[in-house]
Every structure is written in C-alpha cells, then in structure tokens.
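Down below is the structure, laid out as structure tokens.
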Amino acid sequence: MSSYVFTENEIEVLRKLLLTWYAGNKRDLPWRRMADSCTTLSQHAYAVWVSEVMLQQTRVATVVEYYNRWMQKWPDIQSLSNSTEEEVNELWSGLGYYSRGRRMRQAAIKLVGEYDGKFPETSVDLLKTMPGVGRYTASAIASMAFKEVTGVVDGNVGSGCCVGFRAIGW
C-alpha cells in the first residue's frame, strides 16, 4: 500500500478549506462558548479538559447536560480539587467509566497542590503530570488551550477526513 505525502502548498490550501468549512458548520456547544469566554489559559485548559474527558466514548448530545452541571458545580480546577469523590461520582452517574471522573479529581488535587492550579502547557508535560490523561487528551488540551502545534488524532479522524474532504470539495 502506498501513501501520499502532502506538499506545503497542499497543506496550506487544505488548512484554509477546513477552517472555512468549520467556521460555517461547527455546532454551538457549551464547552466552545466557555473556552471563548475564559480569561486565563488555565481556565481555558480546564474547560477543554472537562469536555474532552466527558466526550470519551460518550455521545455529544449526552455530554452537554453533564458538562453544564459540572461547570456550574466546579467552574475551575480549584473548586474541583475541593470536591469529594462521592460528589464527583454522583454528578458523573450515567456517563459510565467512573474512573474518568475520579482521575479528573485526582489530577485537580495534584495541579492545585503542586502547580498552583496551573495546567502544564505542552502535551508532553500534560501527559507526564496529569493522572488519567492520555496522548489524545494531552494533545487536545495543548492544541486548543495553549496553541501547541500537535496532532490530535483519535478513532474518528480517518472517517472524519474522508467525509470532510468530500464536503470541502477536495
């Protein structure tokens, strides 16, 4: 099987086409609105992190309500670090994979206790520092909150690229 290597020009054209398509087709989601209104990079990282973890193996329509309740109860890393495991499990109830919520609480406690509540700003440091954060989530946080140029690839990317390329006329 052969592979194709995009030229720099093709990458630039593709980037512009994708961003134009996204601007006209993105869904209005609470974590995007929250990210747009954040006043600090760590607050933006927190909003991205919460949404990314909740969206793992869960439908977007399901996550919206949980995300809104979570952010109302724990709007920042400090408030999450002060939560109890029981509170986290109660709010997480229905999302499945309860260890995700527990690890988020553990990571919040670690970030507040050891890093003054600030998120590491690179995917490598996020991966090393935060319990429960894997390569995809670390890359997503670093890319969206801190503008790190890093690949954010999950199982949906291949099919998304195929659909996306057709949608933008590539």
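The chains in the structure tokens are called A, B, ... from first to last as shown; in each chain the residues are counted from 1, and the ligands are counted from 1 in the order shown.
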*asked:* When DSSP is applied to the backbone of this structure, which of range 81-116 of chain A are assigned alpha helix (DSSP H)? Write them out as number ranges by chain.
replied: A: 81, 85-92, 98-115
With a cut-off of 12 Å, could you pull out the residues of range 66-104 of chain A touching range 48-57 of chain A and give me the nearest pair of atoms for each, distance in Å to one decimal, using only C-alpha atoms, ordered by chain and ascending number, as CSV?
```
residue,atom,partner,partner_atom,distance
A:Tyr66,CA,A:Met54,CA,8.1
A:Tyr67,CA,A:Ser51,CA,6.7
A:Asn68,CA,A:Ser51,CA,9.9
A:Arg69,CA,A:Val50,CA,11.4
A:Trp70,CA,A:Val50,CA,8.4
A:Met71,CA,A:Val50,CA,8.5
A:Trp74,CA,A:Val50,CA,10.3
A:Pro75,CA,A:Val50,CA,10.1
A:Asp76,CA,A:Val50,CA,10.0
A:Ile77,CA,A:Val50,CA,10.0
A:Leu80,CA,A:Val50,CA,10.7
A:Leu91,CA,A:Met54,CA,11.6
A:Trp92,CA,A:Met54,CA,9.0
A:Ser93,CA,A:Met54,CA,11.7
A:Gly94,CA,A:Met54,CA,11.1
A:Leu95,CA,A:Met54,CA,7.5
A:Gly96,CA,A:Gln57,CA,9.0
A:Tyr97,CA,A:Gln57,CA,9.1
A:Tyr98,CA,A:Met54,CA,10.4
A:Ser99,CA,A:Val53,CA,10.7
A:Arg100,CA,A:Val53,CA,7.0
A:Gly101,CA,A:Val53,CA,8.2
A:Arg102,CA,A:Val53,CA,11.3
A:Arg103,CA,A:Val53,CA,10.0
A:Met104,CA,A:Val50,CA,8.1
```
Contacts between range 114-128 of chain A and range 21-69 of chain A, please, where a residue of range 21-69 of chain A counts if it comes within 8 Å (with only C-alpha atoms); show its shortest atom pair and distance in Å to one decimal, rows by chain and ascending number, as CSV.
```
residue,atom,partner,partner_atom,distance
A:Ser42,CA,A:Phe119,CA,5.5
A:Ala45,CA,A:Phe119,CA,6.9
A:Tyr46,CA,A:Phe119,CA,7.9
```
With C-alpha atoms retained, export the selected residues as a PDB file, in the first residue's frame.
```pdb
ATOM      1  CA  SER A  42      -5.532  27.521  32.693  1.00  0.00           C
ATOM      2  CA  ALA A  45      -7.417  24.316  29.536  1.00  0.00           C
ATOM      3  CA  TYR A  46      -9.837  23.261  32.283  1.00  0.00           C
TER       4      TYR A  46
END
```
*Find the distance between CA of Lys26 in chain A and CA of His44 in chain A and write it in Å to one decimal.*
18.6 Å
*Which is closest to Val112 in chain A among A:Thr39, A:Thr62, A:Thr129, A:Ser2, if we use only C-alpha atoms?*
A:Thr129
*asked:* With distances taken over only C-alpha atoms, which residue among A:Val152, A:Ala108, A:Ala140, A:Ala47 lies nearest Val88 in chain A?
replied: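 Distance minimum relative to Val88 in chain A lands on A:Ala108.
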_Computed interatomic separation between CA of Ala142 in chain A and CA of Glu85 in chain A (Å)_ =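 Straight-line distance from CA of Ala142 in chain A to CA of Glu85 in chain A works out to 26.6 Å.
Using only C-alpha atoms, the smallest distance between any of A:Met34, A:Leu19, A:Leu41, A:Leu14 and Lys147 in chain A comes from A:Leu41.
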_Atomic distance CA of Arg33 in chain A - CA of Gly132 in chain A, expressed in Å with one decimal_ = 24.9 Å
*Which residue of A:Asp36, A:Asp28, A:Glu90, A:Glu10 approaches Val60 in chain A most closely, using only C-alpha atoms*: A:Asp28
